[in-house]
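Asks: Here you go, query-v1.cif (mmCIF, C-alpha atoms):
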```cif
data_start
#
loop_
_atom_site.group_PDB
_atom_site.id
_atom_site.type_symbol
_atom_site.label_atom_id
_atom_site.label_comp_id
_atom_site.auth_asym_id
_atom_site.auth_seq_id
_atom_site.Cartn_x
_atom_site.Cartn_y
_atom_site.Cartn_z
ATOM 1 C CA MET A 1 141.008 207.305 89.634
ATOM 2 C CA ASN A 2 138.636 204.402 88.836
ATOM 3 C CA GLN A 3 137.997 205.856 85.387
ATOM 4 C CA GLU A 4 141.754 206.151 84.782
ATOM 5 C CA ASN A 5 142.263 202.490 85.734
ATOM 6 C CA GLU A 6 139.425 201.444 83.443
ATOM 7 C CA ILE A 7 141.001 203.297 80.520
ATOM 8 C CA LYS A 8 144.387 201.742 81.295
ATOM 9 C CA GLN A 9 142.916 198.246 81.365
ATOM 10 C CA LEU A 10 141.043 198.897 78.113
ATOM 11 C CA VAL A 11 144.222 200.033 76.335
ATOM 12 C CA LYS A 12 146.084 197.016 77.681
ATOM 13 C CA LYS A 13 143.330 194.691 76.458
ATOM 14 C CA VAL A 14 143.375 196.216 72.958
ATOM 15 C CA LEU A 15 147.157 195.921 72.715
ATOM 16 C CA LEU A 16 147.137 192.314 73.862
ATOM 17 C CA GLU A 17 144.402 191.440 71.373
ATOM 18 C CA MET A 18 146.260 193.138 68.496
ATOM 19 C CA THR A 19 149.575 191.488 69.291
ATOM 20 C CA SER A 20 148.289 187.957 69.772
ATOM 21 C CA GLY A 21 148.593 185.107 67.300
ATOM 22 C CA ASP A 22 149.945 185.820 63.828
ATOM 23 C CA LYS A 23 148.471 189.290 63.389
ATOM 24 C CA LEU A 24 151.871 190.927 63.679
ATOM 25 C CA PRO A 25 154.594 188.655 62.300
ATOM 26 C CA GLY A 26 158.052 188.987 63.799
ATOM 27 C CA LEU A 27 157.037 190.732 67.007
ATOM 28 C CA GLN A 28 159.437 190.452 69.916
ATOM 29 C CA SER A 29 158.365 190.346 73.538
ATOM 30 C CA ALA A 30 158.790 193.502 75.553
ATOM 31 C CA ALA A 31 159.375 193.733 79.307
ATOM 32 C CA PRO A 32 156.401 192.768 81.518
ATOM 33 C CA ASP A 33 154.117 195.531 82.721
ATOM 34 C CA ASP A 34 153.041 196.008 86.346
ATOM 35 C CA SER A 35 150.692 193.053 86.175
ATOM 36 C CA GLY A 36 153.362 190.674 84.889
ATOM 37 C CA GLU A 37 151.789 190.425 81.422
ATOM 38 C CA VAL A 38 154.106 190.671 78.412
ATOM 39 C CA ILE A 39 153.073 192.970 75.574
ATOM 40 C CA ALA A 40 154.784 192.573 72.210
ATOM 41 C CA ASP A 41 156.998 195.386 70.925
ATOM 42 C CA ILE A 42 155.088 196.935 68.021
ATOM 43 C CA ALA A 43 158.251 198.594 66.652
ATOM 44 C CA ALA A 44 160.257 195.359 66.435
ATOM 45 C CA PRO A 45 159.210 194.086 62.972
ATOM 46 C CA THR A 46 160.587 195.871 59.919
ATOM 47 C CA LEU A 47 158.018 197.798 57.887
ATOM 48 C CA GLN A 48 158.792 195.535 54.917
ATOM 49 C CA ASP A 49 157.527 192.509 56.857
ATOM 50 C CA GLN A 50 154.229 194.033 57.974
ATOM 51 C CA PHE A 51 151.181 193.516 55.764
ATOM 52 C CA PHE A 52 147.633 194.002 57.040
ATOM 53 C CA VAL A 53 145.441 193.968 53.914
ATOM 54 C CA PRO A 54 142.657 191.430 54.557
ATOM 55 C CA ASN A 55 141.824 188.922 51.826
ATOM 56 C CA ALA A 56 144.500 190.230 49.474
ATOM 57 C CA VAL A 57 144.540 188.672 46.003
ATOM 58 C CA ASN A 58 148.258 187.885 46.220
ATOM 59 C CA ASN A 59 149.892 188.288 49.631
ATOM 60 C CA GLU A 60 153.203 186.797 48.511
ATOM 61 C CA GLU A 61 153.782 189.181 45.604
ATOM 62 C CA TYR A 62 152.778 192.182 47.715
ATOM 63 C CA LEU A 63 155.367 191.222 50.334
ATOM 64 C CA VAL A 64 158.005 190.819 47.608
ATOM 65 C CA MET A 65 157.216 194.341 46.397
ATOM 66 C CA LYS A 66 157.470 195.707 49.934
ATOM 67 C CA GLN A 67 161.075 194.486 50.234
ATOM 68 C CA TYR A 68 162.141 197.210 47.779
ATOM 69 C CA THR A 69 160.880 200.143 49.844
ATOM 70 C CA PRO A 70 160.490 201.133 53.509
ATOM 71 C CA ALA A 71 157.266 202.991 52.601
ATOM 72 C CA ARG A 72 154.196 202.110 54.681
ATOM 73 C CA LEU A 73 152.408 199.961 52.112
ATOM 74 C CA GLY A 74 149.620 197.569 52.951
ATOM 75 C CA VAL A 75 148.874 199.098 56.372
ATOM 76 C CA TRP A 76 145.113 198.993 55.779
ATOM 77 C CA ARG A 77 142.399 201.100 57.365
ATOM 78 C CA ALA A 78 139.318 201.312 59.553
ATOM 79 C CA GLY A 79 136.913 203.322 57.401
ATOM 80 C CA PRO A 80 138.843 206.401 56.181
ATOM 81 C CA ARG A 81 141.452 206.121 58.953
ATOM 82 C CA TYR A 82 144.525 203.996 59.570
ATOM 83 C CA ASN A 83 143.845 200.942 61.659
ATOM 84 C CA THR A 84 145.010 201.078 65.277
ATOM 85 C CA ILE A 85 148.241 199.108 64.987
ATOM 86 C CA SER A 86 149.380 201.182 61.995
ATOM 87 C CA MET A 87 148.747 204.426 63.880
ATOM 88 C CA LEU A 88 150.542 203.133 66.985
ATOM 89 C CA ARG A 89 153.551 202.095 64.869
ATOM 90 C CA PHE A 90 153.617 205.560 63.282
ATOM 91 C CA ARG A 91 153.584 207.190 66.724
ATOM 92 C CA ALA A 92 156.304 204.843 67.981
ATOM 93 C CA ASP A 93 158.587 205.631 65.024
ATOM 94 C CA HIS A 94 157.931 209.349 65.471
ATOM 95 C CA ALA A 95 158.878 209.102 69.156
ATOM 96 C CA THR A 96 162.096 207.291 68.230
ATOM 97 C CA ALA A 97 163.005 210.103 65.831
ATOM 98 C CA GLN A 98 162.380 212.718 68.520
ATOM 99 C CA ASP A 99 164.510 210.805 71.008
ATOM 100 C CA ALA A 100 167.386 210.704 68.511
ATOM 101 C CA VAL A 101 167.339 214.502 68.221
ATOM 102 C CA PHE A 102 166.964 215.353 71.899
ATOM 103 C CA SER A 103 169.198 212.723 73.508
ATOM 104 C CA ASP A 104 172.986 212.918 73.898
ATOM 105 C CA VAL A 105 175.688 210.547 72.731
ATOM 106 C CA SER A 106 176.579 208.527 75.815
ATOM 107 C CA GLU A 107 179.787 209.089 77.743
ATOM 108 C CA ASP A 108 180.510 205.377 77.329
ATOM 109 C CA CYS A 109 180.492 205.735 73.530
ATOM 110 C CA ILE A 110 182.882 208.689 73.722
ATOM 111 C CA LYS A 111 185.189 206.882 76.131
ATOM 112 C CA VAL A 112 185.225 203.505 74.337
ATOM 113 C CA ASN A 113 186.084 205.138 71.009
ATOM 114 C CA GLY A 114 188.781 207.331 72.550
ATOM 115 C CA PHE A 115 187.291 210.618 71.346
ATOM 116 C CA ILE A 116 188.532 213.989 72.589
ATOM 117 C CA ALA A 117 185.241 215.544 73.632
ATOM 118 C CA GLY A 118 184.401 219.193 73.054
ATOM 119 C CA GLN A 119 181.363 221.325 72.344
ATOM 120 C CA SER A 120 180.090 223.932 69.938
ATOM 121 C CA ARG A 121 179.029 227.369 71.124
ATOM 122 C CA CYS A 122 175.588 226.003 71.989
ATOM 123 C CA VAL A 123 175.015 225.641 75.718
ATOM 124 C CA ASP A 124 172.237 223.036 75.531
ATOM 125 C CA ARG A 125 170.075 221.023 73.144
ATOM 126 C CA ASP A 126 167.338 223.650 72.921
ATOM 127 C CA GLU A 127 169.824 226.301 71.799
ATOM 128 C CA TYR A 128 171.316 223.832 69.337
ATOM 129 C CA VAL A 129 167.926 223.320 67.671
ATOM 130 C CA THR A 130 167.091 227.026 67.532
ATOM 131 C CA ARG A 131 170.546 228.488 66.750
ATOM 132 C CA PRO A 132 172.241 226.472 63.983
ATOM 133 C CA ASP A 133 174.810 229.265 63.593
ATOM 134 C CA TYR A 134 176.137 228.535 67.096
ATOM 135 C CA GLY A 135 176.449 224.844 66.208
ATOM 136 C CA ARG A 136 178.823 225.696 63.348
ATOM 137 C CA LEU A 137 181.440 227.225 65.651
ATOM 138 C CA LEU A 138 183.512 225.716 68.447
ATOM 139 C CA GLY A 139 183.251 227.016 71.996
ATOM 140 C CA ASP A 140 186.279 228.908 73.321
ATOM 141 C CA ASP A 141 187.226 226.163 75.815
ATOM 142 C CA THR A 142 186.930 223.547 73.097
ATOM 143 C CA LYS A 143 189.194 225.532 70.795
ATOM 144 C CA LYS A 144 191.874 225.578 73.467
ATOM 145 C CA LEU A 145 191.432 221.848 74.140
ATOM 146 C CA PHE A 146 191.598 220.863 70.473
ATOM 147 C CA LYS A 147 194.572 223.112 69.793
ATOM 148 C CA ASP A 148 196.442 221.332 72.575
ATOM 149 C CA LYS A 149 195.312 217.760 71.882
ATOM 150 C CA LEU A 150 194.931 217.504 68.086
ATOM 151 C CA GLN A 151 197.748 217.005 65.640
ATOM 152 C CA SER A 152 198.701 220.254 63.910
ATOM 153 C CA SER A 153 198.994 220.222 60.098
ATOM 154 C CA ALA A 154 197.695 216.646 59.913
ATOM 155 C CA MET A 155 197.203 215.165 56.462
ATOM 156 C CA VAL A 156 193.753 213.814 57.403
ATOM 157 C CA LEU A 157 191.609 214.640 60.427
ATOM 158 C CA ILE A 158 188.468 212.649 61.209
ATOM 159 C CA MET A 159 185.959 214.290 63.527
ATOM 160 C CA VAL A 160 182.612 213.134 64.928
ATOM 161 C CA GLY A 161 179.600 215.325 65.664
ATOM 162 C CA ASP A 162 176.298 214.290 67.220
ATOM 163 C CA GLY A 163 174.305 216.392 64.762
ATOM 164 C CA LEU A 164 170.582 215.721 64.740
ATOM 165 C CA SER A 165 170.846 212.060 65.716
ATOM 166 C CA SER A 166 172.803 210.696 68.651
ATOM 167 C CA ALA A 167 171.459 207.256 67.720
ATOM 168 C CA ALA A 168 173.263 207.429 64.357
ATOM 169 C CA ILE A 169 176.612 208.023 66.043
ATOM 170 C CA GLU A 170 176.213 205.210 68.558
ATOM 171 C CA ALA A 171 175.053 202.802 65.849
ATOM 172 C CA ASN A 172 177.805 203.464 63.284
ATOM 173 C CA VAL A 173 181.070 204.956 64.558
ATOM 174 C CA ALA A 174 182.471 201.744 66.014
ATOM 175 C CA ASP A 175 182.387 200.159 62.541
ATOM 176 C CA ILE A 176 183.000 203.069 60.199
ATOM 177 C CA ILE A 177 186.088 204.616 61.822
ATOM 178 C CA PRO A 178 188.225 201.432 61.739
ATOM 179 C CA ALA A 179 187.179 200.922 58.103
ATOM 180 C CA ILE A 180 188.272 204.454 57.176
ATOM 181 C CA LYS A 181 191.563 204.085 59.053
ATOM 182 C CA GLN A 182 192.311 200.731 57.458
ATOM 183 C CA GLY A 183 191.602 202.083 53.981
ATOM 184 C CA LEU A 184 193.798 205.138 54.521
ATOM 185 C CA LYS A 185 196.591 203.049 56.023
ATOM 186 C CA ALA A 186 196.703 201.027 52.804
ATOM 187 C CA HIS A 187 197.456 204.332 51.045
ATOM 188 C CA GLY A 188 200.140 205.236 53.572
ATOM 189 C CA VAL A 189 197.998 207.788 55.426
ATOM 190 C CA GLU A 190 197.775 207.705 59.222
ATOM 191 C CA VAL A 191 194.969 209.315 61.233
ATOM 192 C CA GLY A 192 195.588 211.050 64.555
ATOM 193 C CA PRO A 193 193.308 211.658 67.558
ATOM 194 C CA ILE A 194 189.607 212.056 66.790
ATOM 195 C CA PRO A 195 187.638 214.997 68.242
ATOM 196 C CA PHE A 196 183.983 214.707 69.178
ATOM 197 C CA VAL A 197 181.813 217.839 69.087
ATOM 198 C CA ARG A 198 178.560 217.939 71.036
ATOM 199 C CA PHE A 199 175.728 220.111 69.618
ATOM 200 C CA CYS A 200 177.510 219.956 66.271
ATOM 201 C CA ARG A 201 176.519 221.291 62.858
ATOM 202 C CA VAL A 202 178.458 220.440 59.710
ATOM 203 C CA GLY A 203 180.125 223.857 59.667
ATOM 204 C CA ALA A 204 182.075 223.009 62.835
ATOM 205 C CA MET A 205 184.470 221.091 60.578
ATOM 206 C CA ASP A 206 185.522 224.422 59.070
ATOM 207 C CA ASP A 207 186.466 225.780 62.489
ATOM 208 C CA ILE A 208 188.497 222.617 63.173
ATOM 209 C CA GLY A 209 190.112 222.874 59.735
ATOM 210 C CA GLU A 210 191.331 226.401 60.409
ATOM 211 C CA LEU A 211 192.459 225.438 63.904
ATOM 212 C CA THR A 212 194.519 222.392 62.868
ATOM 213 C CA LYS A 213 195.470 223.317 59.277
ATOM 214 C CA ALA A 214 194.611 219.754 58.239
ATOM 215 C CA ASP A 215 194.748 218.979 54.510
ATOM 216 C CA VAL A 216 191.467 217.059 54.642
ATOM 217 C CA VAL A 217 188.750 217.082 57.319
ATOM 218 C CA CYS A 218 186.135 214.309 57.362
ATOM 219 C CA CYS A 219 183.114 215.055 59.558
ATOM 220 C CA LEU A 220 180.961 212.075 60.569
ATOM 221 C CA ILE A 221 177.639 213.441 61.772
ATOM 222 C CA GLY A 222 174.159 212.216 62.650
ATOM 223 C CA GLU A 223 171.531 213.232 60.124
ATOM 224 C CA ARG A 224 167.960 214.365 60.699
ATOM 225 C CA PRO A 225 165.998 211.220 61.654
ATOM 226 C CA GLY A 226 162.848 210.170 59.876
ATOM 227 C CA LEU A 227 160.080 207.624 60.318
ATOM 228 C CA VAL A 228 162.092 204.882 58.592
ATOM 229 C CA THR A 229 165.298 205.128 60.629
ATOM 230 C CA SER A 230 166.836 207.309 63.320
ATOM 231 C CA GLU A 231 170.329 205.909 62.719
ATOM 232 C CA SER A 232 171.339 207.549 59.422
ATOM 233 C CA MET A 233 174.763 209.178 59.409
ATOM 234 C CA SER A 234 176.658 211.164 56.761
ATOM 235 C CA ALA A 235 180.297 211.966 56.065
ATOM 236 C CA TYR A 236 181.154 215.496 54.923
ATOM 237 C CA ILE A 237 184.659 215.740 53.487
ATOM 238 C CA ALA A 238 186.506 218.912 52.474
ATOM 239 C CA TYR A 239 189.986 219.886 51.315
ATOM 240 C CA LYS A 240 191.459 222.512 53.669
ATOM 241 C CA PRO A 241 188.080 223.770 54.917
ATOM 242 C CA THR A 242 187.748 227.384 56.078
ATOM 243 C CA VAL A 243 185.022 229.217 57.961
ATOM 244 C CA GLY A 244 182.505 230.709 55.548
ATOM 245 C CA MET A 245 183.479 228.570 52.571
ATOM 246 C CA PRO A 246 180.678 227.611 50.113
ATOM 247 C CA GLU A 247 178.852 224.341 50.694
ATOM 248 C CA SER A 248 179.821 223.292 47.169
ATOM 249 C CA ARG A 249 183.331 222.537 48.474
ATOM 250 C CA ARG A 250 182.068 219.596 50.516
ATOM 251 C CA THR A 251 181.941 216.029 49.227
ATOM 252 C CA VAL A 252 179.161 214.068 50.931
ATOM 253 C CA VAL A 253 178.514 210.372 51.541
ATOM 254 C CA SER A 254 175.030 210.020 53.015
ATOM 255 C CA ASN A 255 172.502 207.377 54.048
ATOM 256 C CA ILE A 256 174.995 205.430 56.168
ATOM 257 C CA HIS A 257 173.022 202.918 58.254
ATOM 258 C CA ARG A 258 172.173 199.239 58.268
ATOM 259 C CA GLY A 259 169.214 199.754 55.908
ATOM 260 C CA GLY A 260 171.216 201.952 53.538
ATOM 261 C CA THR A 261 174.982 201.797 53.002
ATOM 262 C CA PRO A 262 176.435 199.705 55.876
ATOM 263 C CA ALA A 263 179.043 201.473 57.996
ATOM 264 C CA VAL A 264 181.954 199.188 57.036
ATOM 265 C CA GLU A 265 181.223 199.519 53.314
ATOM 266 C CA ALA A 266 180.825 203.279 53.654
ATOM 267 C CA GLY A 267 184.140 203.521 55.520
ATOM 268 C CA ALA A 268 186.020 201.788 52.708
ATOM 269 C CA HIS A 269 184.374 204.088 50.160
ATOM 270 C CA ILE A 270 185.168 207.206 52.202
ATOM 271 C CA SER A 271 188.847 206.285 52.500
ATOM 272 C CA GLY A 272 189.049 206.089 48.704
ATOM 273 C CA ILE A 273 187.386 209.501 48.348
ATOM 274 C CA ILE A 274 189.816 211.034 50.845
ATOM 275 C CA LYS A 275 192.788 209.629 48.905
ATOM 276 C CA THR A 276 191.404 211.151 45.693
ATOM 277 C CA ILE A 277 190.921 214.514 47.413
ATOM 278 C CA LEU A 278 194.499 214.430 48.685
ATOM 279 C CA ASP A 279 195.812 213.617 45.216
ATOM 280 C CA LYS A 280 193.770 216.253 43.388
ATOM 281 C CA LYS A 281 193.858 218.868 46.186
ATOM 282 C CA MET A 282 190.198 219.707 45.759
ATOM 283 C CA SER A 283 186.791 218.564 46.996
ATOM 284 C CA GLY A 284 183.108 219.072 46.356
ATOM 285 C CA VAL A 285 181.852 219.945 42.897
ATOM 286 C CA GLU A 286 185.375 220.747 41.708
ATOM 287 C CA LEU A 287 186.351 217.116 42.304
ATOM 288 C CA ASN A 288 183.763 215.931 39.778
ATOM 289 C CA MET A 289 184.400 218.509 37.076
#
```
Spit out the file's structure as structure tokens when you get a sec.
Replies:
Amino acid sequence: MNQENEIKQLVKKVLLEMTSGDKLPGLQSAAPDDSGEVIADIAAPTLQDQFFVPNAVNNEEYLVMKQYTPARLGVWRAGPRYNTISMLRFRADHATAQDAVFSDVSEDCIKVNGFIAGQSRCVDRDEYVTRPDYGRLLGDDTKKLFKDKLQSSAMVLIMVGDGLSSAAIEANVADIIPAIKQGLKAHGVEVGPIPFVRFCRVGAMDDIGELTKADVVCCLIGERPGLVTSESMSAYIAYKPTVGMPESRRTVVSNIHRGGTPAVEAGAHISGIIKTILDKKMSGVELNM
């Protein structure tokens, strides 16, 4: 027990030394630990603002270059290894990505946005990760619920799926859905109730398309998180989707997050794509031929 306490105090001392002064610009204070001390949040600064190369010839120009990429440039080293703060930041970002995959979209998010909540054939998150084929199909109870609650033969149906990032859904849907609706309304297209599918793969939109006979289905889904962001979402759009159709029939808008295409801007763009799909009665590669 004494050895464990000594290790804990040593780690705490190292963290406090690394996060003191101006060594880590832009750090925000985290909650106090058991002793009442406040340790800075190492994941708070953006990667573009962190630069650890000692005695650099031109710090200012290096930082300008870093603004054009989220790559981990200028992290420096201790011998052949990353220095401690760079390794800790890597581990923190990796943990955030894992959390995005294995956590659920909150009930509050579903309720506030007025979603009709259902589920794929997966029974839990572990099955979702290991059986993508189950994630492409709706559960029997969900089929009955959606058939009763969703508008039949709708012109446009927007659906939301958690996908591989619950964080992406919670970060973007509140902004992107009103933007899509507003854009479609300007074209005289109204959108009905919005289903939410837990443990969702992109293919679930095909099941919903066959169930509702919608002209266009737009699936907003969380994408696989990485070490740069866990909040990236994509929109998959298809004209009259059917189960088993080729992936080439989907039109995709990806990289929707605050560091990529902002949700409001993406929503306006998506509404224009949907209008084009309705006019031309085709989607995917055929739309661009």
Asks: Taking the file as shown, what set of residues would the PyMOL selection byres ((chain A and resi 184-198) around 6) give back, as a list of chain:residue names?
Replies: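 Applied to this file, the PyMOL selection byres ((chain A and resi 184-198) around 6) returns A:Phe115, A:Ile116, A:Ala117, A:Gly118, A:Gln119, A:Ile158, A:Met159, A:Val160, A:Gly161, A:Asp162, A:Lys181, A:Gln182, A:Gly183, A:Phe199, A:Cys200, A:Ser271.
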Asks: I would like the residues chosen by the PyMOL selection byres ((chain A and resi 266) around 9) on the shown file; could you give them as a CSV table (one decimal) with C-alpha atoms, in the coordinates of the input?
Replies:
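Done, and the output landed in result-v6.csv:
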```
chain,number,residue,atom,x,y,z
A,176,ILE,CA,183.0,203.1,60.2
A,179,ALA,CA,187.2,200.9,58.1
A,180,ILE,CA,188.3,204.5,57.2
A,253,VAL,CA,178.5,210.4,51.5
A,254,SER,CA,175.0,210.0,53.0
A,256,ILE,CA,175.0,205.4,56.2
A,261,THR,CA,175.0,201.8,53.0
A,262,PRO,CA,176.4,199.7,55.9
A,263,ALA,CA,179.0,201.5,58.0
A,264,VAL,CA,182.0,199.2,57.0
A,265,GLU,CA,181.2,199.5,53.3
A,267,GLY,CA,184.1,203.5,55.5
A,268,ALA,CA,186.0,201.8,52.7
A,269,HIS,CA,184.4,204.1,50.2
A,270,ILE,CA,185.2,207.2,52.2
A,271,SER,CA,188.8,206.3,52.5
```
Asks: I'd like the neighbourhood of Asp99 (chain A) as a PDB file with C-alpha atoms, in the frame of the given file, where a residue qualifies if any of its atoms comes within 9 Å (using only C-alpha atoms), though same-chain residues fewer than 3 positions away should be ignored.
Replies:
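Final file, selection-v6.pdb:
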```pdb
ATOM      1  CA  HIS A  94     157.931 209.349  65.471  1.00  0.00           C
ATOM      2  CA  ALA A  95     158.878 209.102  69.156  1.00  0.00           C
ATOM      3  CA  THR A  96     162.096 207.291  68.230  1.00  0.00           C
ATOM      4  CA  PHE A 102     166.964 215.353  71.899  1.00  0.00           C
ATOM      5  CA  SER A 103     169.198 212.723  73.508  1.00  0.00           C
ATOM      6  CA  SER A 165     170.846 212.060  65.716  1.00  0.00           C
ATOM      7  CA  SER A 166     172.803 210.696  68.651  1.00  0.00           C
ATOM      8  CA  ALA A 167     171.459 207.256  67.720  1.00  0.00           C
ATOM      9  CA  SER A 230     166.836 207.309  63.320  1.00  0.00           C
TER      10      SER A 230
END
```
Asks: To test your reading of the syntax: which residues would the PyMOL selection byres ((chain A and resi 164) around 12) return for the file shown? Reply as a count of residues only.
Replies: 40
Asks: Rounded to one decimal place, report the CA of Pro70 (chain A)-CA of Ala44 (chain A) distance in Å.
Replies: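 Answer for the CA of Pro70 (chain A) to CA of Ala44 (chain A) separation: 14.2 Å.
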Asks: I'd like the box whose edges run along x, y and z of the file and which contains every listed atom of region 88-96 of chain A, padded by 4 Å per side; could you state its centre and edge lengths in Å, one decimal, as lines of an AutoDock Vina configuration file?
Replies:
```
center_x = 156.3
center_y = 205.7
center_z = 66.2
size_x = 19.6
size_y = 15.3
size_z = 13.9
```
Asks: Extract, using all atoms listed in the file, all DNA, RNA and protein residues at most 9 Å from region 73-76 of chain A, discarding same-chain residues fewer than 4 positions from it, and format them as an NGL selection string.
Replies: :A and (47-48 or 50-54 or 62-63 or 66 or 69 or 81-83 or 85-86)
Asks: Give me the residues near Met205 (chain A) as a JSON list (two decimals) with C-alpha atoms, keeping the file's coordinate frame, where near means some atom within 8 Å (using all atoms listed in the file) and where sequence neighbours in that chain fewer than 5 positions away do not count.
Replies:
```json
[["chain", "number", "residue", "atom", "x", "y", "z"],
["A", 136, "ARG", "CA", 178.82, 225.70, 63.35],
["A", 159, "MET", "CA", 185.96, 214.29, 63.53],
["A", 217, "VAL", "CA", 188.75, 217.08, 57.32],
["A", 218, "CYS", "CA", 186.14, 214.31, 57.36],
["A", 219, "CYS", "CA", 183.11, 215.06, 59.56],
["A", 241, "PRO", "CA", 188.08, 223.77, 54.92]]
```
Asks: For Gly272 (chain A), which residue out of A:Ile237, A:Asn55, A:Glu60, A:Ala171 is the nearest one, using all atoms listed in the file?
Replies: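 Smallest distance to Gly272 (chain A) is found for A:Ile237.
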